[in-house]
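Enquirer: Let me begin by handing over the structure; questions about it come next.
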Amino acid sequence: MSNLLNVENISKSYGKGHVINGVSLGINIGQKIGIVGVNGGGKSTLMRLMSEIEIPDSGRVTHNSGLRVGYLKQVDKHDPDLTIKQVLFGNESVHSWASDASIRDVLNGLFDSHGEEVLDRKIKGLSGGELRRTSLAKLLTTDLDLLLLDEPTNHLDVEGVKWLADHLKRRKNLAIAVVTHDRWFLDEVSEVTWEVVNSQVEEYEGGYSAYVLAKAERMRQAAAEDVRKKQLIRKELAWLRRGAPARTSKSKFRVDAANDLIYTEPEPRNTVELLSFAGARLGKRVFELHDVTLAVGDPAAPKILTEHLNLNIAPGGRYGLVGPNGAGKTSLLRLLAGKIKPVAGSIQTGSTVKLGFLSQHLDELDPKMRVLEAVEDISMRVDLGKGRDLSASQLCERLGFGADTQWTPVGDLSGGERHRLQLTRILMAGPNVLFLDEPTNDFDVETLASLEDLLDGFAGTIMVVSHDRYFLERVCDNMIALMGDGNVRDLPRGIDQYLELRESMNFASGSSKLKVKGDSRSDQKELSKIEKRLQKVDQLISDQNALISGIVDDYQRLTTLEGNLQELLSEKELLEERWLVLDESIRG
């Protein structure tokens with residue numbers, strides 16, 4: 001295979017020891033590489049060095065002559081006054097790009113459900129997901145040899161992640177190096193896995209599952225290894241045991257060795273035992289919904305998310321909620337939690353339910369309080385069921401707060417770290433029902449494995465909203481789909497069944513292809529009104545983001561502004577949902 005990029009003995013330090021030290025590697029034409037490692041371990045640094053955005057302290061990075069490289073950063077930056085169409089195609093005529101089949105494929109995959117009008121929206125009013133889709137579309141519609149992707153699945157839903165994986169696999173000559181915590185995506189796309197660890201890069205053949213198998217074999221052969229990491233690797237093996245042939249098909253790892261590793265492991269959790277403990281903690285009832293109508297928005301003209309819903313959430317049940325953005329997944333959790341009321345029907349909640357709800361809203365905490373103090377403020381010890389007793393410090397460590405980090409002031413934490421702290425405090429309260437709304441944001445793969453291990457022993461009911469397919473399938477035994485058309489479906493075959501149903505819906509509605517030259521529908525009164533309000537909300541969002549970016553040390557002010565921003569984003573989501581409904585109706 002022809003080599004595109006060579007890294008020779010490079011090192012990089014930022015003043016606190018080497019992040020990358022003496023690393024040599026290369027990327028070939030069409031090679032698909034997944035990059036894993038702990039947060040702060042050097043993954044993004046490696047990407048910046050390979051892209052030549054940063055220069056190594058020693059060693060060198062060599063690009064083939066004429067190499068065309070694209071780099072997707074974690075933070076999307078474009079001129080806020082440009083439209084999506086201008087970012088993607090500049091001032092090119094519509095015909096020049098709309099007639100290109102490969103470009104239409106990207107637009108269909110990333111903007112299909114929004115119609116042509118989304119391409120005329122300005123960057124400054126876009127949500128995080130829309131910005132990510134714009135950045136991806138820009139790279140995927142450019143003729144490149146090598147694509148460096150840093151967390152490309154952030155803000156993408158399950159369908160978006162599936163489309164991106166399929167698209168990249170079809171691009172046989174495009175080389176890819178991708179940093180992501182989405183393990184399903186890594187398995188689908190990667191042929192090689194690089195682990196950035198201890199300032200070095202370890203190489204493994206195959207995707208994430210093959211990496212777990214090979215790493216387990218290396219650890220088994222090692223004379224001395226950390227006991228805790230061994231236990232987590234064994235849990236990963238136990239999970240792979242459920243579907244090893246599918247997950248290891250691309251691996252060059254020996255099949256007999258994989259079988260020896262996998263099939264000696266028990267199931268990751270004892271479901272019968274957990275159900276017994278959950279029954280003892282919760283009794284016979286958790287939540288029962290009878291003929292419920294769920295709606296959000298203006299009470300005078302509410303948006304109906306689902307009608308006549310009958311649902312029984314059982315003691316010890318583990319439920320994953322999937323569906324397109326705006327279908328009502330978070331609203332259903334809020335309904336069950338009593339934060340909003342049904343328009344019709346009734347909800348019965350078990351008398352012993354003790355709910356822990358991880359939402360997208362961050363707790364207001366004293367910024368001078370240390371991480372460990374914030375957790376001990378809830379409790380000094382917690383029993384998560386089956387006698388699994390942990391101290392506050394032990395739980396912190398399990399969720400990625402090491403001994404040093406536990407003494408970090410809350411005000412110095414990043415958004416992702418505060419999200420993890422919120423989860424730690426919720427678990428410390430000893431709930432017997434857990435609602436987790438996007439729990440995997442900003443977690444690295446090792447911390448995700450540790451969280452999954454914790455949840456394996458949780459003797460209670462769990463409901464999860466997440467776009468992380470691997471996490472959903474790993475933690476949940478039952479899948480429920482809010483289809484986006486008011487229907488709620490049980491999914492006996494899991495997420496594959498959901499994707500099939502959504503594809504059928506798109507085909508039936510005629511929205512499987514983006515209409516880049518469609519008829520104008522802006523003359524409809526309500527549609528016009530919504531578009532005007534969207535423009536105003538977009539400006540307010542832009543103003544809030546500008547205020548937030550200018551705050552350095554006023555934690556209380558920052559929390560207030562983030563709350564205001566969340567309300568505006570929620571309003572925007574509802575407006576966009578209504579816009580889509582009207583748009584589809586007008587298209588007939």
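Ligands are numbered from 1 in the order shown, chains are lettered A, B, ... in the order of the structure tokens, and residues start at 1 in each chain.
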Skip Gly400 (chain A) itself and residues of its chain fewer than 6 positions away, then list as a list in words all residues within 10 Å of it, counting only C-alpha atoms.
Expert: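 Listed by chain and then number, they are Val38, Asn39, Gln406, Glu417, Arg420, Leu421, Thr424, Phe443, Asp444, Glu446, Thr447, Leu448, Ser450 and Leu451 of chain A.
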Enquirer: If DSSP is run on the backbone, what residues of region 371-577 of chain A are strand (DSSP E or B)? A reply as a compact mmCIF listing (two decimals) with N, CA, C and O atoms, in the first residue's frame would be ideal.
Expert:
```
# COMPACT_ATOMS: atom_id res chain seq x y z
N ARG A 381 -21.00 7.39 51.93
CA ARG A 381 -20.94 6.05 51.34
C ARG A 381 -22.27 5.76 50.66
O ARG A 381 -23.29 6.38 50.97
N VAL A 382 -22.25 4.82 49.71
CA VAL A 382 -23.48 4.46 49.01
C VAL A 382 -23.47 2.96 48.73
O VAL A 382 -22.42 2.37 48.44
N ASP A 383 -24.66 2.34 48.84
CA ASP A 383 -24.85 0.95 48.46
C ASP A 383 -25.70 0.96 47.20
O ASP A 383 -26.88 1.33 47.22
N ASP A 389 -20.96 -1.62 48.25
CA ASP A 389 -20.78 -0.43 49.07
C ASP A 389 -19.52 0.30 48.63
O ASP A 389 -18.43 -0.28 48.55
N LEU A 390 -19.67 1.60 48.31
CA LEU A 390 -18.54 2.41 47.86
C LEU A 390 -18.47 3.69 48.66
O LEU A 390 -19.51 4.28 49.00
N SER A 391 -17.26 4.14 48.94
CA SER A 391 -17.09 5.46 49.55
C SER A 391 -17.21 6.51 48.46
O SER A 391 -17.15 6.22 47.26
N PRO A 409 -11.14 22.43 42.45
CA PRO A 409 -12.35 23.22 42.68
C PRO A 409 -13.36 23.01 41.57
O PRO A 409 -13.00 22.91 40.39
N VAL A 433 -34.13 3.94 40.92
CA VAL A 433 -34.51 4.16 39.53
C VAL A 433 -33.58 5.22 38.96
O VAL A 433 -33.40 6.28 39.58
N LEU A 434 -32.98 4.95 37.80
CA LEU A 434 -32.05 5.88 37.17
C LEU A 434 -32.57 6.32 35.81
O LEU A 434 -32.90 5.47 34.97
N PHE A 435 -32.68 7.63 35.60
CA PHE A 435 -32.94 8.20 34.29
C PHE A 435 -31.64 8.85 33.82
O PHE A 435 -31.13 9.77 34.48
N LEU A 436 -31.12 8.41 32.69
CA LEU A 436 -29.86 8.93 32.18
C LEU A 436 -30.10 9.55 30.80
O LEU A 436 -30.38 8.84 29.83
N ASP A 437 -30.02 10.88 30.71
CA ASP A 437 -30.24 11.61 29.46
C ASP A 437 -28.89 12.01 28.88
O ASP A 437 -28.23 12.92 29.38
N THR A 461 -34.20 -0.02 38.32
CA THR A 461 -34.68 0.24 36.97
C THR A 461 -33.85 1.35 36.33
O THR A 461 -33.51 2.33 36.98
N ILE A 462 -33.51 1.17 35.05
CA ILE A 462 -32.70 2.15 34.32
C ILE A 462 -33.42 2.51 33.02
O ILE A 462 -33.91 1.63 32.31
N MET A 463 -33.48 3.82 32.74
CA MET A 463 -33.96 4.29 31.44
C MET A 463 -32.91 5.25 30.87
O MET A 463 -32.48 6.18 31.55
N VAL A 464 -32.50 4.98 29.62
CA VAL A 464 -31.40 5.72 29.02
C VAL A 464 -31.83 6.36 27.70
O VAL A 464 -32.41 5.67 26.84
N VAL A 465 -31.56 7.65 27.55
CA VAL A 465 -31.64 8.33 26.26
C VAL A 465 -30.22 8.58 25.80
O VAL A 465 -29.44 9.23 26.51
N ASN A 478 -34.00 -3.75 26.86
CA ASN A 478 -35.23 -3.45 26.12
C ASN A 478 -35.08 -2.12 25.41
O ASN A 478 -34.58 -1.16 25.99
N MET A 479 -35.52 -2.06 24.15
CA MET A 479 -35.46 -0.82 23.39
C MET A 479 -36.88 -0.34 23.07
O MET A 479 -37.74 -1.12 22.65
N ILE A 480 -37.10 0.95 23.28
CA ILE A 480 -38.38 1.60 22.97
C ILE A 480 -38.10 2.75 22.02
O ILE A 480 -37.19 3.55 22.26
N ALA A 481 -38.87 2.83 20.94
CA ALA A 481 -38.65 3.87 19.94
C ALA A 481 -39.79 4.87 19.94
O ALA A 481 -40.96 4.48 19.90
N LEU A 482 -39.45 6.15 20.02
CA LEU A 482 -40.39 7.23 19.72
C LEU A 482 -40.11 7.62 18.28
O LEU A 482 -39.06 8.20 17.98
N VAL A 488 -45.20 5.16 19.38
CA VAL A 488 -44.18 4.57 20.25
C VAL A 488 -44.16 3.08 19.98
O VAL A 488 -45.21 2.42 20.01
N ARG A 489 -42.96 2.55 19.70
CA ARG A 489 -42.85 1.14 19.31
C ARG A 489 -41.89 0.40 20.23
O ARG A 489 -40.82 0.90 20.59
N ASP A 490 -42.28 -0.82 20.61
CA ASP A 490 -41.34 -1.73 21.25
C ASP A 490 -40.45 -2.32 20.16
O ASP A 490 -40.91 -2.58 19.04
```
Enquirer: Which residue out of A:Leu5, A:Met483, A:Leu146, A:Leu365 has the minimum interatomic distance to Asn173 (chain A) when only C-alpha atoms are used?
Expert: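 When distances to Asn173 (chain A) are compared using only C-alpha atoms, the smallest one comes from A:Leu146.
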Enquirer: Using only C-alpha atoms for the distances, tell me which of A:Leu413, A:Leu355, A:Leu558, A:Ile313 is nearest to His290 (chain A).
Expert: A:Ile313
Enquirer: Name the residues in contact with Val197 (chain A) at a cut-off of 8 Å, using only C-alpha atoms, excluding same-chain residues fewer than 2 positions from it; report them as a PyMOL selection string.
Expert: chain A and resi 37-38+41-42+195+199-202
Enquirer: I need the residues from that last selection saved to file as a short mmCIF file (atom, residue, chain, number, x, y, z; two decimals), in the first residue's frame (with C-alpha atoms), if you can.
Expert:
```cif
data_model
loop_
_atom_site.label_atom_id
_atom_site.label_comp_id
_atom_site.auth_asym_id
_atom_site.auth_seq_id
_atom_site.Cartn_x
_atom_site.Cartn_y
_atom_site.Cartn_z
CA GLY A 37 -7.24 6.59 24.93
CA VAL A 38 -8.15 8.44 28.11
CA GLY A 41 -3.93 11.43 27.04
CA GLY A 42 -2.75 12.96 23.76
CA GLU A 195 -4.25 3.42 21.58
CA SER A 199 2.83 9.13 25.68
CA GLN A 200 3.15 6.21 23.26
CA VAL A 201 0.93 4.76 20.50
CA GLU A 202 0.12 1.04 20.65
#
```
Enquirer: Can you work out which one of A:Glu130, A:Lys284, A:Ile176, A:Val445 has the shortest atom-to-atom distance to Val196 (chain A), counting only C-alpha atoms?
Expert: A:Val445
Enquirer: Could you pull out the residues in region 134-176 of chain A that DSSP calls helix (DSSP H, G or I) from the backbone, as an mmCIF file with C-alpha atoms, in the first residue's frame?
Expert:
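Written out: states_32.cif:
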```cif
data_model
loop_
_atom_site.group_PDB
_atom_site.id
_atom_site.type_symbol
_atom_site.label_atom_id
_atom_site.label_comp_id
_atom_site.auth_asym_id
_atom_site.auth_seq_id
_atom_site.Cartn_x
_atom_site.Cartn_y
_atom_site.Cartn_z
ATOM 1 C CA THR A 134 -22.138 21.353 8.184
ATOM 2 C CA SER A 135 -18.482 20.737 9.043
ATOM 3 C CA LEU A 136 -18.743 17.087 8.014
ATOM 4 C CA ALA A 137 -20.501 17.976 4.777
ATOM 5 C CA LYS A 138 -17.762 20.488 3.921
ATOM 6 C CA LEU A 139 -15.080 17.823 4.298
ATOM 7 C CA LEU A 140 -17.027 15.009 2.640
ATOM 8 C CA VAL A 158 -28.285 7.099 15.823
ATOM 9 C CA GLU A 159 -29.339 7.449 12.175
ATOM 10 C CA GLY A 160 -26.678 10.080 11.500
ATOM 11 C CA VAL A 161 -23.924 7.918 12.985
ATOM 12 C CA LYS A 162 -25.073 4.929 10.918
ATOM 13 C CA TRP A 163 -25.095 6.987 7.722
ATOM 14 C CA LEU A 164 -21.611 8.403 8.376
ATOM 15 C CA ALA A 165 -20.155 4.938 9.044
ATOM 16 C CA ASP A 166 -21.670 3.545 5.841
ATOM 17 C CA HIS A 167 -20.467 6.530 3.806
ATOM 18 C CA LEU A 168 -16.875 6.303 5.051
ATOM 19 C CA LYS A 169 -16.755 2.562 4.396
ATOM 20 C CA ARG A 170 -17.802 3.203 0.780
#
```
Enquirer: Would you mind listing what lies within 10 Å of Ser2 (chain A) as a list in words, with only C-alpha atoms counted and same-chain residues fewer than 4 positions away left out?
Expert: Ile27, Asn28, Ile29, Gly30 and Asn64 of chain A
Enquirer: Output N, CA, C and O atoms for every residue in the selection just made, as a PDB file, in the first residue's frame.
Expert:
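What ended up in selection37.pdb:
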```pdb
ATOM      1  N   ILE A  27       0.383   6.281   7.742  1.00  0.00           N
ATOM      2  CA  ILE A  27      -0.973   6.063   7.248  1.00  0.00           C
ATOM      3  C   ILE A  27      -0.893   5.808   5.742  1.00  0.00           C
ATOM      4  O   ILE A  27      -0.250   6.556   5.005  1.00  0.00           O
ATOM      5  N   ASN A  28      -1.573   4.745   5.294  1.00  0.00           N
ATOM      6  CA  ASN A  28      -1.553   4.349   3.894  1.00  0.00           C
ATOM      7  C   ASN A  28      -2.828   4.769   3.170  1.00  0.00           C
ATOM      8  O   ASN A  28      -3.835   5.117   3.804  1.00  0.00           O
ATOM      9  N   ILE A  29      -2.807   4.706   1.853  1.00  0.00           N
ATOM     10  CA  ILE A  29      -3.976   5.034   1.039  1.00  0.00           C
ATOM     11  C   ILE A  29      -5.163   4.168   1.458  1.00  0.00           C
ATOM     12  O   ILE A  29      -5.054   2.938   1.544  1.00  0.00           O
ATOM     13  N   GLY A  30      -6.289   4.813   1.730  1.00  0.00           N
ATOM     14  CA  GLY A  30      -7.515   4.089   2.032  1.00  0.00           C
ATOM     15  C   GLY A  30      -7.585   3.451   3.403  1.00  0.00           C
ATOM     16  O   GLY A  30      -8.595   2.820   3.750  1.00  0.00           O
ATOM     17  N   ASN A  64       3.149  13.172   1.887  1.00  0.00           N
ATOM     18  CA  ASN A  64       3.449  12.974   0.474  1.00  0.00           C
ATOM     19  C   ASN A  64       3.200  14.263  -0.301  1.00  0.00           C
ATOM     20  O   ASN A  64       2.325  15.059   0.047  1.00  0.00           O
TER      21      ASN A  64
END
```
Enquirer: Skip Leu332 (chain A) itself and residues of its chain fewer than 6 positions away, then list as a PyMOL selection string all residues within 10 Å of it, counting only C-alpha atoms.
Expert: chain A and resi 294-295+305-306+321+338-340+342+482
Enquirer: Write a file of the just-selected residues containing N, CA and C atoms, as a tab-separated table (two decimals), in the first residue's frame.
Expert:
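Dumped everything to result_36.tsv:
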```tsv
chain	number	residue	atom	x	y	z
A	294	LEU	N	-49.01	12.87	25.60
A	294	LEU	CA	-47.86	13.70	25.97
A	294	LEU	C	-47.71	14.83	24.97
A	295	ALA	N	-47.65	16.05	25.48
A	295	ALA	CA	-47.51	17.22	24.61
A	295	ALA	C	-46.57	18.22	25.26
A	305	LEU	N	-46.81	14.89	21.13
A	305	LEU	CA	-45.71	13.97	20.85
A	305	LEU	C	-46.20	12.53	20.69
A	306	THR	N	-47.16	12.14	21.53
A	306	THR	CA	-47.76	10.81	21.40
A	306	THR	C	-49.12	10.82	22.10
A	321	LEU	N	-34.17	4.41	25.17
A	321	LEU	CA	-35.12	5.20	24.38
A	321	LEU	C	-34.40	5.76	23.17
A	338	GLY	N	-42.38	13.42	36.79
A	338	GLY	CA	-43.32	14.36	37.39
A	338	GLY	C	-43.00	15.81	37.13
A	339	LYS	N	-42.06	16.07	36.21
A	339	LYS	CA	-41.67	17.45	35.93
A	339	LYS	C	-42.66	18.13	34.97
A	340	ILE	N	-43.36	17.33	34.17
A	340	ILE	CA	-44.44	17.85	33.34
A	340	ILE	C	-45.64	16.91	33.50
A	342	PRO	N	-49.26	15.02	31.97
A	342	PRO	CA	-49.87	14.57	30.71
A	342	PRO	C	-51.08	15.43	30.36
A	482	LEU	N	-39.45	6.15	20.02
A	482	LEU	CA	-40.39	7.23	19.72
A	482	LEU	C	-40.11	7.62	18.28
```
